[in-house]
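Engineer: Pasting target.txt here (compact mmCIF, C-alpha atoms):
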```txt
# COMPACT_ATOMS: atom_id res chain seq x y z
CA MET A 634 -0.91 0.64 -2.77
CA LEU A 635 -2.85 2.78 -5.23
CA TRP A 636 -0.91 3.59 -8.40
CA LEU A 637 -2.46 6.42 -10.48
CA ASP A 638 -0.43 6.32 -13.67
CA ALA A 639 -0.53 6.02 -17.46
CA HIS A 640 2.09 3.27 -17.15
CA SER A 641 2.21 0.14 -15.03
CA ASP A 642 5.92 0.60 -14.17
CA LEU A 643 6.11 -3.19 -13.91
CA HIS A 644 9.23 -3.72 -16.01
CA THR A 645 12.53 -5.06 -14.83
CA PRO A 646 15.69 -3.39 -16.13
CA LEU A 647 16.30 -6.32 -18.49
CA ALA A 648 12.71 -6.38 -19.81
CA SER A 649 12.42 -2.65 -20.46
CA ASN A 650 12.64 -1.61 -24.11
CA SER A 651 13.33 2.01 -23.16
CA GLY A 652 15.76 1.32 -20.34
CA ASN A 653 14.00 3.96 -18.21
CA LEU A 654 14.36 2.96 -14.57
CA ASN A 655 11.24 4.97 -13.70
CA GLY A 656 9.31 2.25 -15.59
CA THR A 657 10.59 -0.44 -13.22
CA LEU A 658 9.58 0.79 -9.78
CA LEU A 659 6.47 -1.34 -9.29
CA GLY A 660 8.35 -4.33 -10.69
CA TYR A 661 11.03 -3.76 -8.07
CA LEU A 662 8.59 -3.20 -5.20
CA THR A 663 6.74 -6.43 -6.00
CA GLY A 664 9.96 -8.46 -6.00
CA ARG A 665 10.28 -9.13 -9.73
CA SER A 666 13.70 -10.37 -10.77
CA TYR A 667 16.57 -7.89 -10.50
CA ASP A 668 20.21 -8.85 -10.89
CA PHE A 669 21.57 -6.03 -8.74
CA SER A 670 19.11 -5.70 -5.88
CA ARG A 671 16.11 -7.30 -4.22
CA VAL A 672 13.44 -5.90 -1.91
CA GLU A 673 13.54 -7.71 1.43
CA THR A 674 9.78 -7.53 1.91
CA PRO A 675 8.05 -7.13 -1.45
CA VAL A 676 4.59 -5.57 -1.70
CA SER A 677 1.98 -8.26 -2.27
CA GLN A 678 0.57 -7.93 -5.78
CA GLY A 679 -2.91 -8.46 -4.38
CA ASN A 680 -2.51 -5.22 -2.42
CA ILE A 681 -1.94 -3.08 -5.53
CA CYS A 682 -4.44 -1.29 -7.74
CA ILE A 683 -3.35 0.66 -10.83
CA ILE A 684 -5.82 3.17 -12.28
CA GLY A 685 -5.39 5.22 -15.47
CA LEU A 686 -3.37 2.86 -17.66
CA ARG A 687 -3.05 3.72 -21.33
CA SER A 688 0.56 3.03 -22.27
CA VAL A 689 1.44 -0.59 -21.54
CA ASP A 690 3.76 -2.53 -23.82
CA ALA A 691 3.46 -6.25 -24.56
CA ALA A 692 5.87 -7.41 -21.85
CA GLU A 693 4.13 -5.36 -19.17
CA ARG A 694 0.68 -6.47 -20.38
CA THR A 695 1.73 -10.10 -20.05
CA ALA A 696 3.19 -9.47 -16.58
CA LEU A 697 0.01 -7.67 -15.48
CA GLN A 698 -2.25 -10.40 -16.78
CA LYS A 699 -0.22 -13.03 -14.91
CA SER A 700 -0.16 -11.00 -11.70
CA ALA A 701 -2.63 -10.52 -8.86
CA ILE A 702 -2.53 -6.75 -9.40
CA THR A 703 -5.90 -5.08 -9.95
CA TYR A 704 -5.73 -2.64 -12.85
CA HIS A 705 -8.08 -0.33 -14.73
CA ASP A 706 -7.27 1.38 -17.99
CA MET A 707 -8.79 4.68 -19.12
CA ARG A 708 -11.47 2.84 -21.09
CA ALA A 709 -12.78 1.44 -17.80
CA ILE A 710 -12.71 4.96 -16.35
CA ASP A 711 -14.56 6.31 -19.40
CA GLU A 712 -17.17 3.56 -19.13
CA HIS A 713 -17.68 3.46 -15.35
CA ALA A 714 -16.22 6.75 -14.06
CA ILE A 715 -13.28 6.92 -11.70
CA SER A 716 -15.23 6.47 -8.49
CA ARG A 717 -16.28 2.86 -9.10
CA PRO A 718 -12.85 1.19 -9.30
CA LEU A 719 -11.51 3.56 -6.66
CA THR A 720 -14.25 2.88 -4.10
CA THR A 721 -14.03 -0.86 -4.78
CA PHE A 722 -10.31 -0.81 -3.97
CA LEU A 723 -10.84 1.43 -0.93
CA GLY A 724 -13.48 -1.01 0.33
CA LYS A 725 -10.94 -3.81 0.05
CA VAL A 726 -8.37 -1.77 2.00
CA ARG A 727 -10.96 -0.99 4.68
CA THR A 728 -12.00 -4.65 4.95
CA VAL A 729 -8.45 -5.72 5.82
CA ASN A 730 -8.08 -2.72 8.15
CA GLY A 731 -5.21 -1.39 6.05
CA LEU A 732 -3.79 1.98 5.19
CA ARG A 733 -2.99 3.11 1.68
CA HIS A 734 0.03 4.53 -0.07
CA VAL A 735 -0.96 6.56 -3.14
CA SER A 736 1.44 7.23 -6.00
CA LEU A 737 0.11 10.00 -8.23
CA ASP A 738 2.10 10.27 -11.45
CA VAL A 739 1.77 13.48 -13.45
CA ASP A 740 1.05 11.43 -16.58
CA PHE A 741 -2.11 10.01 -14.95
CA ILE A 742 -3.58 13.36 -15.98
CA ASP A 743 -4.12 14.17 -19.64
CA PRO A 744 -1.20 16.28 -20.95
CA MET A 745 -3.70 18.91 -22.08
CA PHE A 746 -4.09 19.75 -18.37
CA ALA A 747 -0.67 18.73 -17.00
CA PRO A 748 2.03 18.85 -19.69
CA GLY A 749 4.98 19.10 -17.29
CA VAL A 750 6.10 15.49 -17.62
CA GLY A 751 8.50 13.77 -20.00
CA THR A 752 6.23 10.75 -20.57
CA THR A 753 3.03 12.37 -21.84
CA VAL A 754 0.27 10.05 -23.02
CA PRO A 755 -2.93 11.58 -24.43
CA GLY A 756 -6.28 10.41 -23.11
CA GLY A 757 -5.64 10.67 -19.38
CA ALA A 758 -7.79 11.80 -16.51
CA THR A 759 -9.27 15.26 -16.55
CA LEU A 760 -8.53 17.60 -13.67
CA LEU A 761 -12.05 17.05 -12.36
CA GLU A 762 -11.55 13.26 -12.39
CA ALA A 763 -8.20 13.63 -10.66
CA HIS A 764 -9.65 15.93 -8.00
CA LEU A 765 -12.58 13.57 -7.45
CA ALA A 766 -10.11 10.72 -6.96
CA MET A 767 -8.16 12.74 -4.41
CA GLU A 768 -11.34 13.77 -2.58
CA VAL A 769 -12.58 10.16 -2.44
CA ILE A 770 -9.15 9.15 -1.11
CA CYS A 771 -9.39 11.86 1.55
CA ASP A 772 -12.94 10.85 2.50
CA SER A 773 -11.82 7.25 3.02
CA GLU A 774 -9.51 8.36 5.87
CA LEU A 775 -7.13 5.56 4.81
CA LEU A 776 -4.34 7.65 3.30
CA SER A 777 -0.98 6.94 4.89
CA ALA A 778 1.39 8.32 2.24
CA LEU A 779 1.12 10.34 -0.95
CA ALA A 780 3.87 10.42 -3.58
CA LEU A 781 3.67 13.02 -6.36
CA VAL A 782 5.97 11.80 -9.09
CA GLU A 783 7.53 12.56 -12.46
CA LEU A 784 7.05 16.31 -12.60
CA ASN A 785 9.69 17.62 -15.00
CA PRO A 786 10.65 21.20 -14.06
CA PHE A 787 12.04 21.84 -17.55
CA LEU A 788 8.62 21.09 -19.08
CA ASN A 789 6.62 22.84 -16.35
CA ASP A 790 5.51 25.91 -18.28
CA ARG A 791 5.23 28.83 -15.81
CA GLY A 792 4.69 26.36 -12.96
CA ALA A 793 1.25 25.28 -14.17
CA THR A 794 1.71 21.53 -13.75
CA ALA A 795 3.39 21.98 -10.37
CA GLN A 796 0.40 24.07 -9.27
CA GLU A 797 -2.02 21.37 -10.44
CA MET A 798 -0.10 18.72 -8.49
CA THR A 799 -0.10 20.97 -5.42
CA ASP A 800 -3.85 21.44 -5.76
CA LEU A 801 -4.35 17.67 -6.11
CA ALA A 802 -2.29 17.05 -2.98
CA ALA A 803 -4.45 19.62 -1.18
CA SER A 804 -7.57 17.76 -2.32
CA ALA A 805 -6.13 14.49 -0.97
CA LEU A 806 -5.56 16.26 2.35
CA GLY A 807 -9.04 17.74 2.64
CA ARG A 808 -9.49 20.78 0.43
CA ARG A 809 -12.50 20.58 -1.85
CA VAL A 810 -12.78 21.88 -5.40
CA PHE A 811 -15.86 23.91 -4.47
CA ASP A 812 -13.87 25.64 -1.69
CA ARG A 813 -11.70 27.46 -4.21
CA PRO A 814 -12.22 31.18 -4.62
CA THR A 815 -13.06 32.48 -8.07
CA LEU A 816 -10.39 34.71 -9.53
CA HIS A 817 -11.85 37.82 -11.16
CA ARG A 818 -9.88 39.33 -13.99
```
Output the file's structure as structure tokens, nothing else.
Structural biologist:
Amino acid sequence: MLWLDAHSDLHTPLASNSGNLNGTLLGYLTGRSYDFSRVETPVSQGNICIIGLRSVDAAERTALQKSAITYHDMRAIDEHAISRPLTTFLGKVRTVNGLRHVSLDVDFIDPMFAPGVGTTVPGGATLLEAHLAMEVICDSELLSALALVELNPFLNDRGATAQEMTDLAASALGRRVFDRPTLHR
């Protein structure tokens, strides 16, 4: 599972300071403690890679550091580019003959490019980095599912962020950035 997100979403409802359930999904999927529900077959932490982190509170940081989850914050992306951690993870998936679920959160992208999300965090991926990630994912031929998450239609000014997410999905499915026609005005 590849998690492209500004947040680790590794909270449990009782550990979350904000109480936002959208910050607990990965915690739930990995079988962390929930009073009201439990996943029958949790996702193995060793099969998860989070890329793009830049808003992780103390409880999540501790949980990540104690986990087998591979994670890369935006500093790592700035220092090594997005392709290095991505291709390393894809190589691991290929080695075990696996397929990959990708969760692309709008806040993975810097809000300057994709402001249509309620959990904006400055310093995210550029559109070029996001498209490169989607193209590398496509090239791997390992994509089994793609989730586009947390688009807020009330913050989606004239559909711009929705269009960016649509374009990113198209890149994950085979369209290339250089295939786009130039619009003349």
Engineer: Using all atoms listed in the file, which protein or nucleic acid residues come within 9 Å of A:Leu662? Drop anything in the same chain fewer than 4 positions from it, and give the result as a VMD selection string.
Structural biologist: chain A and resid 657 to 658 671 to 672 674 to 677
Engineer: For A:Glu768, find every residue with an atom within 12 Å (counting all atoms listed in the file), except residues of its own chain fewer than 3 positions away, and show them as JSON, numbers by chain.
Structural biologist: {"A": [715, 716, 719, 720, 761, 762, 763, 764, 765, 771, 772, 773, 774, 775, 776, 800, 801, 802, 803, 804, 805, 806, 807, 808, 809, 810, 811]}
Engineer: For a test of reading the model, state the distance in Å between atom CA of A:Asp638 and atom CA of A:Glu712, rounded to one decimal.
Structural biologist: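 Separation between atom CA of A:Asp638 and atom CA of A:Glu712: 17.8 Å.
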Engineer: Taking into account only C-alpha atoms, which residue in the set A:Val729, A:Ile770, A:Ala795, A:Val782 is nearest to A:Gly749?
Structural biologist: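 Smallest separation from A:Gly749 among the options: A:Ala795.
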Engineer: Between atom CA of A:Leu779 and atom CA of A:Gly660, measure the distance and give it in Å to one decimal.
Structural biologist: 19.0 Å
Engineer: Ranking A:Leu647, A:Ile742, A:Leu686, A:Val769 by minimum distance to A:Leu723 and counting only C-alpha atoms, which one comes first?
Structural biologist: A:Val769
Engineer: Which residues come within 9 Å of A:Leu781, counting only C-alpha atoms, excluding same-chain residues fewer than 5 positions away, as number ranges by chain?
Structural biologist: A: 735-739, 798-799, 802
